[in-house]
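**Q** So here's my_file_27.tsv (TSV, C-alpha atoms).
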```tsv
chain	number	residue	atom	x	y	z
A	615	MET	CA	22.63	-22.48	-48.51
A	616	GLY	CA	20.55	-22.57	-45.34
A	617	GLN	CA	16.77	-22.59	-45.16
A	618	LYS	CA	15.20	-19.23	-46.05
A	619	ARG	CA	13.57	-17.55	-43.08
A	620	MET	CA	10.05	-16.06	-43.35
A	621	ALA	CA	9.64	-12.37	-42.59
A	622	GLY	CA	8.39	-11.86	-39.07
A	623	LEU	CA	10.48	-14.58	-37.43
A	624	ILE	CA	13.38	-13.60	-35.18
A	625	LYS	CA	15.63	-15.78	-33.05
A	626	ARG	CA	16.12	-14.98	-29.38
A	627	GLY	CA	18.67	-17.28	-27.88
A	628	GLU	CA	17.79	-20.68	-29.33
A	629	VAL	CA	14.03	-20.10	-29.67
A	630	TRP	CA	12.20	-18.56	-32.63
A	631	HIS	CA	9.74	-15.73	-31.94
A	632	VAL	CA	7.08	-14.00	-34.02
A	633	ASP	CA	7.27	-10.21	-34.37
A	634	LYS	CA	5.07	-9.09	-37.25
A	635	GLN	CA	2.59	-6.35	-38.20
A	636	VAL	CA	-0.71	-7.75	-39.53
A	637	SER	CA	-3.45	-5.32	-40.60
A	638	GLY	CA	-2.06	-2.60	-38.39
A	639	ARG	CA	-1.78	-4.86	-35.33
A	640	ARG	CA	1.59	-5.99	-34.02
A	641	ILE	CA	1.76	-9.67	-33.13
A	642	GLN	CA	4.49	-10.76	-30.73
A	643	CYS	CA	4.71	-14.28	-29.31
A	644	SER	CA	7.03	-17.25	-28.93
A	645	THR	CA	6.83	-20.25	-31.26
A	646	GLU	CA	8.32	-22.31	-28.39
A	647	THR	CA	10.56	-24.19	-30.81
A	648	THR	CA	14.19	-24.05	-31.88
A	649	ASP	CA	13.45	-25.64	-35.27
A	650	LEU	CA	13.00	-23.12	-38.10
A	651	SER	CA	10.65	-25.36	-40.11
A	652	ARG	CA	8.27	-25.80	-37.16
A	653	ALA	CA	8.50	-22.08	-36.40
A	654	GLN	CA	7.48	-21.25	-39.99
A	655	GLU	CA	4.55	-23.69	-39.79
A	656	PHE	CA	3.50	-21.90	-36.59
A	657	LEU	CA	3.65	-18.52	-38.34
A	658	VAL	CA	1.68	-19.77	-41.36
A	659	HIS	CA	-1.03	-21.12	-39.06
A	660	LEU	CA	-1.07	-17.82	-37.13
A	661	LEU	CA	-1.41	-15.76	-40.32
A	662	GLU	CA	-4.26	-17.96	-41.53
A	663	LYS	CA	-6.04	-17.50	-38.25
A	664	GLU	CA	-5.64	-13.73	-38.55
A	665	ARG	CA	-7.07	-13.88	-42.10
A	666	ARG	CA	-10.13	-15.76	-40.85
A	667	VAL	CA	-10.60	-13.12	-38.16
A	668	ARG	CA	-10.61	-10.35	-40.78
A	669	VAL	CA	-12.89	-12.19	-43.19
A	670	TYR	CA	-15.30	-14.03	-40.91
A	671	GLY	CA	-15.00	-12.12	-37.65
A	672	ASP	CA	-13.62	-15.03	-35.64
A	673	GLU	CA	-12.53	-14.31	-32.07
A	674	VAL	CA	-9.01	-12.90	-31.70
A	675	ALA	CA	-6.72	-14.79	-29.32
A	676	HIS	CA	-5.18	-11.90	-27.40
A	677	SER	CA	-2.14	-12.67	-25.26
A	678	PHE	CA	-1.82	-11.96	-21.56
A	679	VAL	CA	1.17	-9.67	-22.13
A	680	GLU	CA	-0.93	-7.64	-24.59
A	681	ALA	CA	-3.72	-7.34	-22.03
A	682	CYS	CA	-1.27	-6.27	-19.31
A	683	ALA	CA	0.17	-3.53	-21.51
A	684	ARG	CA	-3.32	-2.15	-22.13
A	685	TYR	CA	-4.26	-2.41	-18.45
A	686	VAL	CA	-1.22	-0.43	-17.28
A	687	GLU	CA	-1.80	2.18	-19.98
A	688	GLU	CA	-5.46	2.70	-19.05
A	689	ILE	CA	-5.59	2.64	-15.27
A	690	THR	CA	-5.18	5.88	-13.34
A	691	LYS	CA	-5.38	4.71	-9.71
A	692	LYS	CA	-2.62	5.49	-7.23
A	693	SER	CA	-1.42	1.87	-7.12
A	694	ARG	CA	-0.64	1.84	-10.85
A	695	ASP	CA	3.11	1.42	-10.38
A	696	ARG	CA	2.64	-1.32	-7.81
A	697	ASP	CA	0.22	-3.14	-10.13
A	698	ALA	CA	2.75	-2.94	-12.95
A	699	GLN	CA	5.42	-4.36	-10.64
A	700	ASP	CA	3.16	-7.29	-9.68
A	701	LEU	CA	2.40	-8.03	-13.33
A	702	LYS	CA	6.09	-7.92	-14.18
A	703	GLY	CA	6.73	-10.60	-11.55
A	704	VAL	CA	4.17	-13.00	-13.01
A	705	MET	CA	5.08	-12.35	-16.65
A	706	PRO	CA	7.86	-15.03	-16.96
A	707	PHE	CA	5.29	-17.68	-16.03
A	708	ILE	CA	2.17	-16.70	-18.04
A	709	GLY	CA	3.13	-13.71	-20.18
A	710	HIS	CA	3.41	-15.79	-23.36
A	711	LEU	CA	-0.01	-17.43	-22.92
A	712	ALA	CA	-3.26	-16.47	-24.60
A	713	LEU	CA	-5.79	-14.94	-22.20
A	714	LYS	CA	-7.99	-18.03	-22.25
A	715	GLN	CA	-5.00	-20.11	-21.12
A	716	VAL	CA	-4.51	-18.06	-17.93
A	717	HIS	CA	-6.10	-19.83	-14.96
A	718	PHE	CA	-5.21	-21.21	-11.55
A	719	GLY	CA	-3.47	-24.21	-13.09
A	720	THR	CA	-1.12	-22.18	-15.27
A	721	LEU	CA	-0.44	-19.86	-12.32
A	722	GLN	CA	0.61	-22.72	-10.09
A	723	ARG	CA	4.29	-22.57	-11.11
A	724	PHE	CA	4.40	-18.91	-10.13
A	725	ILE	CA	2.68	-19.65	-6.79
A	726	ASP	CA	5.00	-22.55	-5.99
A	727	LYS	CA	8.10	-20.49	-6.84
A	728	ARG	CA	7.04	-17.56	-4.65
A	729	LYS	CA	6.20	-19.87	-1.75
A	730	ALA	CA	9.57	-21.61	-2.07
A	731	ASP	CA	11.24	-18.17	-1.98
A	732	GLY	CA	9.59	-17.50	1.39
A	733	VAL	CA	7.18	-14.83	0.09
A	734	LYS	CA	4.10	-14.27	2.27
A	735	SER	CA	0.76	-15.50	0.96
A	736	ALA	CA	-0.65	-11.97	1.34
A	737	THR	CA	1.97	-10.69	-1.12
A	738	VAL	CA	1.19	-13.44	-3.63
A	739	ASN	CA	-2.54	-12.78	-3.19
A	740	ARG	CA	-2.01	-9.16	-4.15
A	741	CYS	CA	-0.31	-10.19	-7.36
A	742	LEU	CA	-3.11	-12.65	-8.15
A	743	SER	CA	-5.68	-9.93	-7.52
A	744	VAL	CA	-4.06	-7.77	-10.22
A	745	VAL	CA	-4.14	-10.74	-12.62
A	746	ARG	CA	-7.88	-11.04	-11.86
A	747	LEU	CA	-8.36	-7.34	-12.65
A	748	VAL	CA	-6.68	-7.75	-16.04
A	749	LEU	CA	-8.82	-10.80	-16.89
A	750	LYS	CA	-11.96	-9.03	-15.69
A	751	ARG	CA	-11.33	-6.06	-17.98
A	752	ALA	CA	-10.62	-8.41	-20.87
A	753	ALA	CA	-13.98	-10.14	-20.33
A	754	SER	CA	-16.19	-7.17	-19.50
A	755	ILE	CA	-14.75	-4.04	-21.17
A	756	TRP	CA	-12.37	-4.72	-24.03
A	757	ARG	CA	-13.73	-5.66	-27.46
A	758	ASP	CA	-12.09	-6.45	-30.79
A	759	ASP	CA	-13.06	-4.88	-34.13
A	760	HIS	CA	-15.98	-7.30	-34.47
A	761	GLY	CA	-17.39	-6.62	-31.00
A	762	ASN	CA	-16.12	-9.86	-29.47
A	763	PRO	CA	-14.77	-9.71	-25.90
A	764	TRP	CA	-11.08	-10.37	-25.48
A	765	LEU	CA	-11.95	-13.14	-23.01
A	766	ALA	CA	-15.17	-15.16	-22.84
A	767	SER	CA	-15.23	-15.55	-19.04
A	768	VAL	CA	-13.01	-14.95	-16.02
A	769	PRO	CA	-11.66	-18.15	-14.43
A	770	GLU	CA	-11.79	-18.61	-10.67
A	771	ILE	CA	-8.46	-17.84	-9.01
A	772	PRO	CA	-8.91	-18.68	-5.31
A	773	LYS	CA	-7.30	-16.69	-2.54
A	774	LEU	CA	-4.30	-18.33	-0.87
A	775	ASP	CA	-3.88	-18.86	2.85
A	776	TRP	CA	-0.63	-20.39	4.06
A	777	ASN	CA	-1.28	-19.42	7.69
A	778	ASP	CA	1.85	-17.28	7.57
A	779	ALA	CA	0.42	-13.87	8.43
A	780	ARG	CA	2.69	-11.92	10.75
A	781	ARG	CA	1.18	-11.15	14.13
A	782	ALA	CA	0.85	-7.60	15.38
A	783	TYR	CA	3.38	-6.44	17.96
A	784	PRO	CA	2.07	-3.72	20.32
A	785	ILE	CA	5.08	-2.25	22.09
A	786	SER	CA	5.36	-1.74	25.83
A	787	GLU	CA	6.01	1.63	27.45
A	788	MET	CA	9.62	0.65	28.15
A	789	GLU	CA	10.15	-0.41	24.52
A	790	GLN	CA	8.59	2.86	23.37
A	791	SER	CA	10.90	4.89	25.60
A	792	VAL	CA	14.01	3.06	24.36
A	793	LEU	CA	12.95	3.30	20.72
A	794	MET	CA	12.38	7.05	20.98
A	795	ARG	CA	15.98	7.55	22.15
A	796	HIS	CA	17.33	6.05	18.93
A	797	LEU	CA	15.01	7.67	16.39
A	798	ASN	CA	16.04	10.94	14.79
A	799	GLU	CA	13.97	14.05	15.49
A	800	ASP	CA	11.63	13.64	12.50
A	801	HIS	CA	10.91	9.97	13.11
A	802	LYS	CA	10.52	10.53	16.83
A	803	LEU	CA	7.81	13.09	16.19
A	804	MET	CA	6.03	10.93	13.60
A	805	ALA	CA	6.15	7.90	15.92
A	806	LEU	CA	4.61	9.99	18.72
A	807	TRP	CA	1.71	11.00	16.47
A	808	LEU	CA	1.13	7.42	15.32
A	809	LEU	CA	1.07	6.18	18.90
A	810	HIS	CA	-1.52	8.78	19.95
A	811	THR	CA	-3.72	9.00	16.85
A	812	GLY	CA	-3.84	5.47	15.40
A	813	LEU	CA	-3.27	6.80	11.90
A	814	ARG	CA	-1.89	4.57	9.17
A	815	SER	CA	1.51	5.68	7.91
A	816	GLN	CA	0.24	7.03	4.57
A	817	GLU	CA	-2.56	8.93	6.31
A	818	LEU	CA	0.05	10.61	8.49
A	819	LEU	CA	2.35	11.43	5.56
A	820	ASN	CA	-0.56	12.93	3.59
A	821	LEU	CA	-1.83	14.91	6.59
A	822	ASN	CA	-2.45	18.49	5.50
A	823	TRP	CA	-3.11	21.65	7.50
A	824	ALA	CA	-5.95	22.45	5.10
A	825	TRP	CA	-7.90	19.58	6.66
A	826	ARG	CA	-8.08	21.32	10.05
A	827	ARG	CA	-11.62	22.00	11.34
A	828	ASP	CA	-12.37	24.13	14.42
A	829	ILE	CA	-14.76	22.80	17.05
A	830	PRO	CA	-15.85	25.99	18.92
A	831	GLU	CA	-17.96	24.04	21.42
A	832	LEU	CA	-14.84	22.22	22.63
A	833	GLY	CA	-12.35	25.05	22.13
A	834	CYS	CA	-10.14	22.87	19.92
A	835	PHE	CA	-9.89	21.52	16.38
A	836	VAL	CA	-9.68	18.19	14.57
A	837	PHE	CA	-8.36	16.98	11.22
A	838	ASP	CA	-10.89	15.75	8.65
A	839	ILE	CA	-9.06	13.27	6.41
A	840	PRO	CA	-10.74	12.95	2.97
A	841	ALA	CA	-11.83	9.51	1.79
A	842	GLU	CA	-9.30	9.45	-1.06
A	843	PHE	CA	-6.45	9.39	1.47
A	844	THR	CA	-7.74	6.51	3.64
A	845	LYS	CA	-7.35	2.78	3.11
A	846	ASN	CA	-11.07	1.95	3.19
A	847	LYS	CA	-11.97	5.02	1.09
A	848	SER	CA	-14.14	6.44	3.88
A	849	ALA	CA	-13.50	9.90	5.30
A	850	ARG	CA	-12.30	9.90	8.91
A	851	VAL	CA	-11.70	12.34	11.73
A	852	MET	CA	-8.51	12.62	13.78
A	853	VAL	CA	-8.78	14.02	17.30
A	854	LEU	CA	-5.70	15.35	19.09
A	855	ASN	CA	-4.80	14.55	22.68
A	856	ARG	CA	-2.39	16.45	24.89
A	857	ALA	CA	0.67	14.51	23.69
A	858	VAL	CA	0.02	15.49	20.07
A	859	ARG	CA	-0.82	19.11	20.87
A	860	ASP	CA	2.33	19.48	22.96
A	861	SER	CA	4.37	18.54	19.90
A	862	PHE	CA	3.00	21.23	17.57
A	863	GLN	CA	5.65	23.78	18.47
A	864	ARG	CA	8.33	21.15	17.72
A	865	LEU	CA	7.32	20.86	14.09
A	866	PRO	CA	9.90	22.21	11.64
A	867	THR	CA	9.12	25.24	9.48
A	868	GLN	CA	6.92	24.20	6.57
A	869	ARG	CA	6.76	25.64	3.06
A	870	THR	CA	3.80	23.50	2.03
A	871	GLY	CA	0.56	22.31	3.56
A	872	TYR	CA	1.97	18.94	4.65
A	873	VAL	CA	2.29	18.54	8.40
A	874	PHE	CA	5.29	16.23	7.98
A	875	ALA	CA	6.88	17.56	4.79
A	876	ASN	CA	10.44	16.55	3.95
A	877	ALA	CA	13.38	18.97	3.82
A	878	ARG	CA	12.30	20.16	0.34
A	879	GLY	CA	8.76	20.87	1.53
A	880	ALA	CA	7.29	17.92	-0.40
A	881	LYS	CA	5.42	14.86	0.82
A	882	ARG	CA	7.58	12.13	2.34
A	883	ASP	CA	7.55	8.75	0.60
A	884	ARG	CA	7.64	6.53	3.68
A	885	ILE	CA	8.48	6.26	7.35
A	886	LEU	CA	10.23	2.88	7.16
A	887	THR	CA	13.62	4.33	6.24
A	888	SER	CA	17.17	3.39	7.19
A	889	ASN	CA	16.84	5.49	10.35
A	890	TRP	CA	13.83	3.48	11.48
A	891	LYS	CA	15.56	0.16	10.75
A	892	THR	CA	18.76	1.21	12.52
A	893	ALA	CA	16.86	2.62	15.50
A	894	ARG	CA	14.85	-0.56	16.08
A	895	GLN	CA	18.02	-2.67	16.01
A	896	ARG	CA	19.84	-0.40	18.45
A	897	ALA	CA	16.76	-0.22	20.67
A	898	ALA	CA	16.54	-4.03	20.71
A	899	ASP	CA	20.23	-4.24	21.65
A	900	GLU	CA	19.66	-1.79	24.50
A	901	ILE	CA	16.64	-3.78	25.72
A	902	GLU	CA	18.83	-6.88	25.91
A	903	VAL	CA	21.41	-5.01	27.97
A	904	LEU	CA	18.75	-3.60	30.30
A	905	THR	CA	16.85	-6.84	30.82
A	906	GLY	CA	19.59	-9.43	30.38
A	907	ALA	CA	17.29	-11.36	28.02
A	908	PRO	CA	16.98	-11.50	24.24
A	909	ALA	CA	14.77	-8.80	22.75
A	910	SER	CA	11.54	-9.97	21.16
A	911	TRP	CA	11.73	-10.76	17.44
A	912	GLY	CA	8.69	-8.53	16.93
A	913	PHE	CA	10.46	-5.55	18.50
A	914	ARG	CA	13.72	-6.11	16.63
A	915	HIS	CA	11.71	-6.17	13.38
A	916	LEU	CA	9.17	-3.55	14.47
A	917	ARG	CA	6.92	-2.29	11.66
A	918	VAL	CA	5.52	1.22	11.50
A	919	HIS	CA	2.03	-0.31	11.45
A	920	ASP	CA	2.72	-1.89	14.86
A	921	LEU	CA	2.36	1.59	16.38
A	922	ARG	CA	-1.26	1.59	15.20
A	923	HIS	CA	-1.73	-1.78	16.92
A	924	THR	CA	-0.16	-0.26	20.03
A	925	PHE	CA	-2.67	2.59	19.94
A	926	ALA	CA	-5.58	0.12	19.69
A	927	THR	CA	-4.22	-2.11	22.47
A	928	ARG	CA	-3.73	0.79	24.88
A	929	LEU	CA	-7.24	2.08	24.23
A	930	ARG	CA	-8.61	-1.34	25.15
A	931	ARG	CA	-6.51	-1.48	28.32
A	932	GLN	CA	-7.80	1.97	29.28
A	933	GLY	CA	-11.35	0.63	29.13
A	934	VAL	CA	-12.41	2.46	25.95
A	935	CYS	CA	-15.50	0.73	24.54
A	936	LEU	CA	-15.39	-1.14	21.22
A	937	GLU	CA	-17.54	1.37	19.31
A	938	VAL	CA	-15.29	4.29	20.22
A	939	ARG	CA	-12.17	2.27	19.39
A	940	LYS	CA	-13.62	1.48	15.96
A	941	ASP	CA	-14.33	5.17	15.35
A	942	LEU	CA	-10.82	6.21	16.36
A	943	LEU	CA	-9.30	3.51	14.15
A	944	ALA	CA	-11.67	4.37	11.25
A	945	HIS	CA	-13.06	0.85	11.10
A	946	VAL	CA	-16.56	2.18	10.39
A	947	HIS	CA	-17.67	2.88	6.84
A	948	THR	CA	-19.40	6.21	7.37
A	949	ASP	CA	-18.50	9.83	6.76
A	950	VAL	CA	-17.64	10.55	10.38
A	951	THR	CA	-16.60	14.14	9.66
A	952	THR	CA	-20.20	15.07	8.88
A	953	LEU	CA	-22.04	12.67	11.17
A	954	TYR	CA	-20.22	13.32	14.44
A	955	SER	CA	-21.62	15.95	16.77
A	956	ALA	CA	-19.48	17.99	19.14
A	957	GLY	CA	-20.61	15.73	21.98
A	958	GLU	CA	-19.47	12.62	20.14
A	959	LEU	CA	-16.15	14.26	19.29
A	960	ALA	CA	-15.75	15.06	22.98
A	961	GLU	CA	-16.16	11.35	23.71
A	962	LEU	CA	-13.44	10.51	21.19
A	963	LEU	CA	-11.18	13.20	22.65
A	964	ASP	CA	-11.73	11.86	26.15
A	965	ALA	CA	-10.72	8.39	24.94
A	966	VAL	CA	-7.39	9.46	23.43
A	967	GLU	CA	-6.63	11.66	26.45
A	968	ARG	CA	-6.57	8.48	28.51
A	969	LEU	CA	-3.40	7.53	26.68
A	970	THR	CA	-1.61	10.50	28.26
A	971	ASP	CA	-2.50	9.34	31.79
A	972	GLY	CA	-0.82	6.70	33.89
A	973	GLY	CA	2.66	7.21	32.49
A	974	SER	CA	1.90	6.07	28.94
A	975	LEU	CA	3.23	9.30	27.48
A	976	THR	CA	6.89	9.24	26.57
A	977	PRO	CA	8.41	12.68	27.19
A	978	PHE	CA	9.21	14.41	23.93
A	979	GLU	CA	12.65	15.99	23.91
A	980	PRO	CA	13.01	18.37	20.97
A	981	ASP	CA	16.21	19.38	19.27
A	982	ARG	CA	16.55	23.02	20.36
A	983	ARG	CA	18.66	23.85	17.32
A	984	ARG	CA	15.78	23.40	14.88
A	985	LYS	CA	13.56	26.21	13.64
A	986	VAL	CA	9.94	25.90	14.67
A	987	LEU	CA	6.74	27.32	13.30
A	988	GLN	CA	4.31	28.97	15.70
A	989	PHE	CA	0.66	28.35	14.89
A	990	PRO	CA	-1.69	31.10	16.15
A	991	TYR	CA	-4.59	28.68	16.52
A	992	ILE	CA	-2.76	26.40	18.97
A	993	ARG	CA	-4.06	28.47	21.89
A	994	SER	CA	-7.62	27.25	21.26
A	995	ALA	CA	-6.57	23.72	22.19
A	996	ARG	CA	-5.44	24.72	25.67
A	997	LYS	CA	-8.96	24.65	27.03
A	998	VAL	CA	-9.15	20.88	26.51
A	999	GLY	CA	-6.95	18.26	28.07
A	1000	GLY	CA	-4.43	20.55	29.75
A	1001	ALA	CA	-2.10	23.32	28.63
A	1002	THR	CA	0.03	22.97	25.53
```
Please, can you express the file's structure as structure tokens?
**A**
Amino acid sequence: MGQKRMAGLIKRGEVWHVDKQVSGRRIQCSTETTDLSRAQEFLVHLLEKERRVRVYGDEVAHSFVEACARYVEEITKKSRDRDAQDLKGVMPFIGHLALKQVHFGTLQRFIDKRKADGVKSATVNRCLSVVRLVLKRAASIWRDDHGNPWLASVPEIPKLDWNDARRAYPISEMEQSVLMRHLNEDHKLMALWLLHTGLRSQELLNLNWAWRRDIPELGCFVFDIPAEFTKNKSARVMVLNRAVRDSFQRLPTQRTGYVFANARGAKRDRILTSNWKTARQRAADEIEVLTGAPASWGFRHLRVHDLRHTFATRLRRQGVCLEVRKDLLAHVHTDVTTLYSAGELAELLDAVERLTDGGSLTPFEPDRRRKVLQFPYIRSARKVGGAT
């Protein structure tokens, strides 16, 4: 007869693993051996350690996978799913380790593998930042039954810099014109707003008509974007130039408060869809035909965020001062919606109106077959920056 196996040991592939309930707590870990005798010695040692914890209050050696499960269960922030995805990627490398064994050295295999796969350092840094958050909670918040922290201290995990950050690609007016011809109606309209407002893509997709605020002194209105919908968690104001106001009557009929709702009236997930990817390729092909030279790599792989860079670049070329550019791009950490006076808003409006001068405005050609929604308050904007 073969050797009798202790309860709590299971074989996965060739390796023995522990899966056992001890005093109401489930213990799951690898013995890292294929030999049953050594696996049973490992389990006996583990059970003795658990007994000492119950009797003498010794520190419990929590595993990283256990900490990750608790972290994902507890957090409520919007990036919860993305954090869980990052932790899943690092789990094959450190998931089996005790928390105190997780440090820059044990993470090196994961870092080397991701770098070899051609992953950007910024992407790896994001994953490492989530690992830091888990370790920080284990050291500062979580306690065992005896009041001991799950982790004594958080190890230093330095930020990586492989000098591989992708450069911004502000598009030219010709590239903008060609791109617009290949985008569908929805993406064409969203691209126009991004080019003339400097919004980030998620700020645009979250944009709600409830955020509209009238400015009687200027005869127009602005959008006050709450801090919870901005990247730097600071409220910002969005002023509307003539190009944006001219597009209001081209917006499809909405059933919700979202300015750019999808066909079901709900918030769109993203702008970088198959239409965007196809349009940028076709636009790059057309540029090559028109110029007789290869299209720029940056244009052929144009990101939605590059339209924000285009907005900033054109403001600078129009002579808009640095302070105003920072305000329009929401690079200041103040509640601009309450601090800005009508005079200061007029200065911002004047700055974005410069983008509609000198031929920088690509004509917007709507699809006449679509239903449009007439907004009664659009007339108030006609007093500023030309008729709508």
**Q** Residues near stretch 874-888 of chain A, anyone? I mean within 12 Å using only C-alpha atoms, not counting same-chain ones fewer than 4 positions away, as a ChimeraX atom specification.
**A** /A:797-805,807-808,814-823,862,864-870,892-895,915-921
**Q** How would the residues just chosen look if you wrote them out with C-alpha atoms as a short mmCIF file (atom, residue, chain, number, x, y, z; two decimals), in the coordinates of the input?
**A**
```cif
data_model
loop_
_atom_site.label_atom_id
_atom_site.label_comp_id
_atom_site.auth_asym_id
_atom_site.auth_seq_id
_atom_site.Cartn_x
_atom_site.Cartn_y
_atom_site.Cartn_z
CA LEU A 797 15.01 7.67 16.39
CA ASN A 798 16.04 10.94 14.79
CA GLU A 799 13.97 14.05 15.49
CA ASP A 800 11.63 13.64 12.50
CA HIS A 801 10.91 9.97 13.11
CA LYS A 802 10.52 10.53 16.83
CA LEU A 803 7.81 13.09 16.19
CA MET A 804 6.03 10.93 13.60
CA ALA A 805 6.15 7.90 15.92
CA TRP A 807 1.71 11.00 16.47
CA LEU A 808 1.13 7.42 15.32
CA ARG A 814 -1.89 4.57 9.17
CA SER A 815 1.51 5.68 7.91
CA GLN A 816 0.24 7.03 4.57
CA GLU A 817 -2.56 8.93 6.31
CA LEU A 818 0.05 10.61 8.49
CA LEU A 819 2.35 11.43 5.56
CA ASN A 820 -0.56 12.93 3.59
CA LEU A 821 -1.83 14.91 6.59
CA ASN A 822 -2.45 18.49 5.50
CA TRP A 823 -3.11 21.65 7.50
CA PHE A 862 3.00 21.23 17.57
CA ARG A 864 8.33 21.15 17.72
CA LEU A 865 7.32 20.86 14.09
CA PRO A 866 9.90 22.21 11.64
CA THR A 867 9.12 25.24 9.48
CA GLN A 868 6.92 24.20 6.57
CA ARG A 869 6.76 25.64 3.06
CA THR A 870 3.80 23.50 2.03
CA THR A 892 18.76 1.21 12.52
CA ALA A 893 16.86 2.62 15.50
CA ARG A 894 14.85 -0.56 16.08
CA GLN A 895 18.02 -2.67 16.01
CA HIS A 915 11.71 -6.17 13.38
CA LEU A 916 9.17 -3.55 14.47
CA ARG A 917 6.92 -2.29 11.66
CA VAL A 918 5.52 1.22 11.50
CA HIS A 919 2.03 -0.31 11.45
CA ASP A 920 2.72 -1.89 14.86
CA LEU A 921 2.36 1.59 16.38
#
```
**Q** Env of A:Gln654: 8 Å cut, atoms = all atoms listed in the file, seq-sep filter 4 positions within chain, self excluded. Answer as an MDAnalysis selection string.
**A** chainID A and resid 619:620 623 650 658
**Q** In Å, with one decimal, what is the gap from atom CA of A:Cys682 to atom CA of A:Lys734?
**A**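 Taking atom CA of A:Cys682 as the start and atom CA of A:Lys734 as the end point, the length is 23.6 Å.
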**Q** Which is closest to A:Ala698 among A:Lys750, A:His710, A:Arg740, A:Arg665, if we use all atoms listed in the file?
**A**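 Residue with the minimum atom-to-atom distance to A:Ala698: A:Arg740.
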**Q** So which residues touch A:Val966 within 10 Å, counting only C-alpha atoms, skipping near sequence neighbours fewer than 6 positions away, as a CSV table (one decimal) with C-alpha atoms, in the coordinates of the input?
**A**
```csv
chain,number,residue,atom,x,y,z
A,810,HIS,CA,-1.5,8.8,20.0
A,811,THR,CA,-3.7,9.0,16.8
A,812,GLY,CA,-3.8,5.5,15.4
A,853,VAL,CA,-8.8,14.0,17.3
A,854,LEU,CA,-5.7,15.4,19.1
A,855,ASN,CA,-4.8,14.6,22.7
A,856,ARG,CA,-2.4,16.4,24.9
A,857,ALA,CA,0.7,14.5,23.7
A,925,PHE,CA,-2.7,2.6,19.9
A,928,ARG,CA,-3.7,0.8,24.9
A,929,LEU,CA,-7.2,2.1,24.2
A,932,GLN,CA,-7.8,2.0,29.3
A,934,VAL,CA,-12.4,2.5,26.0
A,938,VAL,CA,-15.3,4.3,20.2
A,939,ARG,CA,-12.2,2.3,19.4
A,942,LEU,CA,-10.8,6.2,16.4
A,999,GLY,CA,-7.0,18.3,28.1
```
**Q** Rounded to one decimal in Å, what is the spacing between atom CA of A:Gly871 and atom CA of A:Phe835?
**A** 16.6 Å
**Q** Using all atoms listed in the file, can you tell me which of A:Glu664, A:Leu742, A:Gln715, A:Asp860 comes closest to A:Gly638?
**A**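 Looking at the shortest contact to A:Gly638, the residue is A:Glu664.
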